[in-house]
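Novice: Here you go, this is start30.cif (mmCIF, C-alpha atoms).
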```cif
data_entry
loop_
_atom_site.group_PDB
_atom_site.id
_atom_site.type_symbol
_atom_site.label_atom_id
_atom_site.label_comp_id
_atom_site.auth_asym_id
_atom_site.auth_seq_id
_atom_site.Cartn_x
_atom_site.Cartn_y
_atom_site.Cartn_z
ATOM 1 C CA MET A 1 14.651 -3.858 10.972
ATOM 2 C CA VAL A 2 11.200 -5.100 11.929
ATOM 3 C CA ASP A 3 11.123 -8.686 13.170
ATOM 4 C CA LEU A 4 8.547 -10.253 10.909
ATOM 5 C CA SER A 5 6.509 -13.333 11.230
ATOM 6 C CA SER A 6 3.588 -11.683 9.523
ATOM 7 C CA TRP A 7 0.161 -12.981 8.666
ATOM 8 C CA ILE A 8 -0.877 -11.747 5.248
ATOM 9 C CA ILE A 9 -4.201 -12.220 3.512
ATOM 10 C CA LEU A 10 -4.189 -12.077 -0.273
ATOM 11 C CA VAL A 11 -7.391 -10.796 -1.864
ATOM 12 C CA ILE A 12 -6.459 -11.651 -5.416
ATOM 13 C CA GLY A 13 -8.478 -13.442 -8.075
ATOM 14 C CA SER A 14 -5.751 -14.699 -10.379
ATOM 15 C CA GLU A 15 -4.065 -17.916 -9.246
ATOM 16 C CA GLN A 16 -1.065 -16.931 -11.364
ATOM 17 C CA VAL A 17 -0.676 -13.661 -9.435
ATOM 18 C CA VAL A 18 -1.136 -15.504 -6.123
ATOM 19 C CA ARG A 19 1.669 -17.938 -7.034
ATOM 20 C CA HIS A 20 3.858 -15.012 -8.118
ATOM 21 C CA ILE A 21 3.296 -13.138 -4.828
ATOM 22 C CA LYS A 22 3.958 -16.259 -2.750
ATOM 23 C CA THR A 23 7.159 -16.938 -4.691
ATOM 24 C CA LEU A 24 8.362 -13.356 -4.206
ATOM 25 C CA LEU A 25 7.727 -13.460 -0.453
ATOM 26 C CA LYS A 26 9.068 -16.950 0.147
ATOM 27 C CA GLY A 27 11.864 -16.586 2.656
ATOM 28 C CA PHE A 28 13.026 -13.141 1.508
ATOM 29 C CA SER A 29 15.567 -11.604 3.925
ATOM 30 C CA GLY A 30 14.836 -14.182 6.583
ATOM 31 C CA SER A 31 11.275 -12.926 7.004
ATOM 32 C CA VAL A 32 8.560 -15.464 7.586
ATOM 33 C CA TYR A 33 5.206 -14.784 5.990
ATOM 34 C CA GLN A 34 2.125 -16.825 6.766
ATOM 35 C CA ILE A 35 -0.089 -16.315 3.728
ATOM 36 C CA LYS A 36 -3.802 -16.982 3.401
ATOM 37 C CA HIS A 37 -5.657 -16.478 0.139
ATOM 38 C CA SER A 38 -9.300 -15.528 -0.275
ATOM 39 C CA THR A 39 -10.710 -16.145 -3.710
ATOM 40 C CA ARG A 40 -13.792 -14.070 -2.957
ATOM 41 C CA PHE A 41 -13.862 -10.539 -1.594
ATOM 42 C CA SER A 42 -16.817 -11.343 0.698
ATOM 43 C CA ASN A 43 -14.838 -14.235 2.215
ATOM 44 C CA ALA A 44 -11.887 -11.917 2.843
ATOM 45 C CA LEU A 45 -14.158 -9.458 4.674
ATOM 46 C CA ARG A 46 -15.492 -12.270 6.850
ATOM 47 C CA ARG A 47 -11.971 -13.540 7.590
ATOM 48 C CA LEU A 48 -10.799 -10.061 8.578
ATOM 49 C CA LYS A 49 -13.594 -9.797 11.137
ATOM 50 C CA ASN A 50 -12.774 -13.196 12.663
ATOM 51 C CA THR A 51 -8.999 -13.589 12.279
ATOM 52 C CA SER A 52 -6.029 -11.417 13.103
ATOM 53 C CA PHE A 53 -3.842 -10.499 10.128
ATOM 54 C CA ASP A 54 -0.963 -8.062 9.870
ATOM 55 C CA LEU A 55 -1.595 -6.961 6.309
ATOM 56 C CA VAL A 56 -3.895 -7.234 3.290
ATOM 57 C CA LEU A 57 -2.508 -7.452 -0.240
ATOM 58 C CA LEU A 58 -5.424 -6.455 -2.456
ATOM 59 C CA ASP A 59 -6.013 -6.645 -6.172
ATOM 60 C CA PRO A 60 -8.779 -4.027 -6.391
ATOM 61 C CA ALA A 61 -9.955 -5.346 -9.759
ATOM 62 C CA HIS A 62 -10.758 -8.677 -8.082
ATOM 63 C CA ALA A 63 -13.122 -7.137 -5.530
ATOM 64 C CA GLY A 64 -15.868 -6.373 -8.043
ATOM 65 C CA LEU A 65 -15.965 -2.791 -6.768
ATOM 66 C CA GLU A 66 -14.189 0.418 -7.624
ATOM 67 C CA GLY A 67 -10.739 0.336 -6.065
ATOM 68 C CA GLU A 68 -11.498 2.992 -3.468
ATOM 69 C CA GLN A 69 -14.685 1.177 -2.454
ATOM 70 C CA ALA A 70 -12.765 -2.075 -1.994
ATOM 71 C CA VAL A 71 -10.222 -0.375 0.278
ATOM 72 C CA SER A 72 -13.003 1.339 2.240
ATOM 73 C CA ARG A 73 -14.893 -1.928 2.735
ATOM 74 C CA LEU A 74 -11.724 -3.658 3.975
ATOM 75 C CA LEU A 75 -11.060 -0.826 6.421
ATOM 76 C CA GLU A 76 -14.669 -0.938 7.631
ATOM 77 C CA ALA A 77 -14.197 -4.632 8.399
ATOM 78 C CA SER A 78 -10.853 -4.061 10.103
ATOM 79 C CA PRO A 79 -10.073 -0.359 10.678
ATOM 80 C CA GLU A 80 -6.473 -0.825 11.825
ATOM 81 C CA MET A 81 -5.584 -3.226 9.006
ATOM 82 C CA PRO A 82 -2.988 -1.899 6.572
ATOM 83 C CA VAL A 83 -3.770 -2.505 2.911
ATOM 84 C CA ILE A 84 -1.304 -2.618 0.036
ATOM 85 C CA ALA A 85 -2.994 -2.445 -3.359
ATOM 86 C CA LEU A 86 -1.494 -4.392 -6.252
ATOM 87 C CA LEU A 87 -2.308 -2.862 -9.626
ATOM 88 C CA GLU A 88 -2.112 -4.649 -12.969
ATOM 89 C CA ASP A 89 -1.435 -1.445 -14.884
ATOM 90 C CA ARG A 90 0.803 1.492 -14.076
ATOM 91 C CA ASP A 91 -1.803 4.096 -13.146
ATOM 92 C CA ASP A 92 -0.404 6.825 -10.900
ATOM 93 C CA ARG A 93 -3.746 8.615 -10.606
ATOM 94 C CA GLY A 94 -5.526 5.393 -9.617
ATOM 95 C CA ALA A 95 -2.771 4.620 -7.104
ATOM 96 C CA LEU A 96 -3.195 8.031 -5.474
ATOM 97 C CA GLN A 97 -6.952 7.523 -5.248
ATOM 98 C CA LEU A 98 -6.389 4.211 -3.471
ATOM 99 C CA ILE A 99 -3.961 5.819 -1.030
ATOM 100 C CA ARG A 100 -6.465 8.610 -0.348
ATOM 101 C CA ALA A 101 -9.063 5.893 0.339
ATOM 102 C CA GLY A 102 -6.766 4.423 2.997
ATOM 103 C CA ALA A 103 -4.315 2.049 1.285
ATOM 104 C CA GLN A 104 -0.848 2.282 2.819
ATOM 105 C CA ASP A 105 0.893 1.658 -0.492
ATOM 106 C CA CYS A 106 0.266 0.743 -4.128
ATOM 107 C CA LEU A 107 2.570 -1.496 -6.105
ATOM 108 C CA PHE A 108 2.478 -2.151 -9.824
ATOM 109 C CA LEU A 109 2.530 -5.872 -10.609
ATOM 110 C CA PRO A 110 4.515 -5.567 -13.869
ATOM 111 C CA ASP A 111 7.376 -3.895 -11.945
ATOM 112 C CA LEU A 112 7.159 -6.059 -8.830
ATOM 113 C CA ASP A 113 10.200 -7.968 -7.603
ATOM 114 C CA ALA A 114 10.973 -9.719 -4.317
ATOM 115 C CA SER A 115 12.932 -6.823 -2.854
ATOM 116 C CA THR A 116 10.243 -4.210 -3.609
ATOM 117 C CA LEU A 117 7.418 -6.355 -2.256
ATOM 118 C CA SER A 118 9.263 -7.436 0.881
ATOM 119 C CA LEU A 119 10.336 -3.873 1.650
ATOM 120 C CA ALA A 120 6.773 -2.588 1.189
ATOM 121 C CA VAL A 121 5.451 -5.322 3.499
ATOM 122 C CA GLN A 122 8.128 -4.663 6.136
ATOM 123 C CA LYS A 123 7.550 -0.887 6.050
ATOM 124 C CA THR A 124 3.787 -1.239 6.233
ATOM 125 C CA VAL A 125 3.791 -3.778 9.071
ATOM 126 C CA GLY A 126 6.505 -1.811 10.880
ATOM 127 C CA ARG A 127 4.480 1.399 10.601
ATOM 128 C CA ARG A 128 1.446 -0.383 12.020
ATOM 129 C CA GLU A 129 3.448 -1.783 14.938
ATOM 130 C CA PHE A 130 4.875 1.676 15.653
ATOM 131 C CA GLN A 131 1.424 3.252 15.629
ATOM 132 C CA GLN A 132 0.007 0.575 17.910
ATOM 133 C CA ARG A 133 2.907 0.955 20.332
ATOM 134 C CA TYR A 134 3.046 4.759 20.483
ATOM 135 C CA ALA A 135 -0.374 6.047 19.411
ATOM 136 C CA PRO A 136 -1.956 6.249 22.865
ATOM 137 C CA SER A 137 0.770 8.506 24.238
ATOM 138 C CA ALA A 138 1.796 10.352 21.105
ATOM 139 C CA GLY A 139 -1.334 11.902 19.613
ATOM 140 C CA LYS A 140 0.386 15.209 18.974
ATOM 141 C CA SER A 141 3.295 13.476 17.229
ATOM 142 C CA PHE A 142 0.894 11.700 14.894
ATOM 143 C CA LEU A 143 -0.653 15.019 13.939
ATOM 144 C CA ASN A 144 2.838 16.206 13.057
ATOM 145 C CA MET A 145 3.486 13.007 11.066
ATOM 146 C CA ASP A 146 0.214 13.415 9.181
ATOM 147 C CA GLY A 147 1.181 16.972 8.300
ATOM 148 C CA ALA A 148 4.590 15.825 7.122
ATOM 149 C CA LEU A 149 3.000 13.243 4.858
ATOM 150 C CA GLU A 150 1.220 16.019 2.985
ATOM 151 C CA ALA A 151 4.493 17.106 1.371
ATOM 152 C CA LEU A 152 5.859 14.084 -0.452
ATOM 153 C CA TRP A 153 7.932 13.728 -3.578
ATOM 154 C CA GLU A 154 9.616 10.870 -5.358
ATOM 155 C CA TRP A 155 12.070 10.941 -8.221
ATOM 156 C CA ASN A 156 12.701 7.740 -10.160
ATOM 157 C CA ILE A 157 15.935 8.682 -11.855
ATOM 158 C CA SER A 158 16.206 5.546 -13.995
ATOM 159 C CA GLU A 159 12.782 6.198 -15.571
ATOM 160 C CA ASP A 160 13.041 9.993 -15.306
ATOM 161 C CA ARG A 161 9.674 10.077 -13.541
ATOM 162 C CA PHE A 162 8.835 12.548 -10.813
ATOM 163 C CA PHE A 163 5.926 12.567 -8.379
ATOM 164 C CA CYS A 164 4.957 15.585 -6.312
ATOM 165 C CA SER A 165 2.066 15.310 -3.834
ATOM 166 C CA PRO A 166 -0.698 17.924 -3.961
ATOM 167 C CA GLY A 167 0.414 19.193 -0.533
ATOM 168 C CA LEU A 168 3.962 19.816 -1.714
ATOM 169 C CA CYS A 169 2.737 21.429 -4.938
ATOM 170 C CA HIS A 170 0.640 23.799 -2.831
ATOM 171 C CA MET A 171 3.614 24.605 -0.578
ATOM 172 C CA LEU A 172 5.673 25.392 -3.663
ATOM 173 C CA GLY A 173 2.993 27.742 -5.020
ATOM 174 C CA PHE A 174 1.585 25.564 -7.791
ATOM 175 C CA GLU A 175 -2.132 25.406 -8.517
ATOM 176 C CA PRO A 176 -3.997 22.112 -7.852
ATOM 177 C CA GLU A 177 -4.442 21.468 -11.579
ATOM 178 C CA ASP A 178 -0.702 21.864 -12.256
ATOM 179 C CA ARG A 179 0.835 18.434 -12.729
ATOM 180 C CA ILE A 180 4.538 18.224 -12.073
ATOM 181 C CA HIS A 181 6.013 15.336 -14.015
ATOM 182 C CA ASP A 182 9.707 16.146 -14.063
ATOM 183 C CA ILE A 183 12.230 17.736 -11.754
ATOM 184 C CA ASP A 184 12.835 20.639 -14.146
ATOM 185 C CA SER A 185 9.240 21.846 -13.601
ATOM 186 C CA LEU A 186 10.184 22.908 -10.103
#
```
Can you give me the file's structure in the form of structure tokens?

Specialist:
Amino acid sequence: MVDLSSWIILVIGSEQVVRHIKTLLKGFSGSVYQIKHSTRFSNALRRLKNTSFDLVLLDPAHAGLEGEQAVSRLLEASPEMPVIALLEDRDDRGALQLIRAGAQDCLFLPDLDASTLSLAVQKTVGRREFQQRYAPSAGKSFLNMDGALEALWEWNISEDRFFCSPGLCHMLGFEPEDRIHDIDSL
């Protein structure tokens, strides 16, 4: 498990959501999170240029930009900074667009609990630490990892929802416009 004393910046407009996120992260699994909140997107960009954070939790709707633009602007300000997008509505297509823009993960606020949020934070920060530690000497391995990430699937059995990445669909012989929503489609 990743030893976390992580600095997180929240780029979220709603004080209610900020309180909810702070409550969820408070002392979960012995992890210590130092949380800073920026009420304005421009202030968050400035902070990222001047302060070291481990992670950004972003409400794209708060940025005043399209979600992908918000992620891109954050990554321009701090290219190595992992971003987790927090979405008000369950929108799988929007979540994929944010991930393609550079977000490490997308979480849906209505479904969010302490375990899900803490695990996402730990995985994202852990991935960043791994990349920083091994990237200089493992360029070929990262190419292999990037290729492996092209073939992803997830099956939420309790909701009977299935996700198949475009790369995996291609490997399985499906056309790009084919949407696979359940396991029986395979």

Novice: Between atom CA of A:Val17 and atom CA of A:Asp59, measure the distance and give it in Å to one decimal.

Specialist: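 Between these atoms lies a distance of 9.4 Å.
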
Novice: For a quick check of understanding, using only C-alpha atoms, which of A:Gln16, A:Gln34, A:Ser158, A:Thr39 has the smallest distance to A:Leu55?

Specialist: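 When distances to A:Leu55 are compared using only C-alpha atoms, the smallest one comes from A:Gln34.
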
Novice: Could you spell out the hits of the PyMOL selection byres ((chain A and resi 54) around 9) on the shown file, as a ChimeraX atom specification?

Specialist: /A:6-9,52-53,55-56,81-82,125,128

Novice: Name the closest residue to A:His20 among the candidates A:Glu68, A:Asp113, A:Glu76, A:Asp105; distances are taken between atoms, counting all atoms listed in the file.

Specialist: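 Of the candidates, the smallest distance to A:His20 is held by A:Asp113.
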
Novice: Identify which of the residues A:Ala61, A:Ile84, A:Val11, A:Val18 lies closest to A:Phe41, counting all atoms listed in the file when measuring atom-to-atom distances.

Specialist: A:Val11

Novice: Restricting the calculation to only C-alpha atoms: of A:Leu112, A:Met171, A:Leu45, A:Ile157, which residue gets closest to A:Ser72?

Specialist: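 Checking each candidate against A:Ser72, we get A:Leu45 as the closest.
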
Novice: Find the residue from A:Ser38, A:Leu24, A:Ala63, A:Ser78 that sits nearest to A:Asn50; use all atoms listed in the file when measuring.

Specialist: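 Closest to A:Asn50 of all the choices is A:Ser78.
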
Novice: Which of these, A:Gly64, A:Ala44, A:Arg90, A:Ala101, has the shortest distance to A:Ala77 once you count all atoms listed in the file?

Specialist: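 So, comparing all the options, the nearest one is A:Ala44.
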
Novice: Mind giving me the straight-line distance from atom CA of A:Ser118 to atom CA of A:Gln104 in Å, one decimal?

Specialist: 14.2 Å

Novice: Atom CA of A:Ala103 to atom CA of A:Leu58: how many Å, to one decimal?

Specialist: 9.4 Å

Novice: Using the chain letters and numbers from this file, what does the PyMOL selection byres ((chain A and resi 100) around 12) select? Give the answer as a list of chain:residue names.

Specialist: A:Gly67, A:Glu68, A:Gln69, A:Val71, A:Ser72, A:Val83, A:Ala85, A:Arg93, A:Gly94, A:Ala95, A:Leu96, A:Gln97, A:Leu98, A:Ile99, A:Ala101, A:Gly102, A:Ala103, A:Gln104, A:Asp105, A:Cys106, A:Leu149, A:Glu150, A:Ser165, A:Pro166
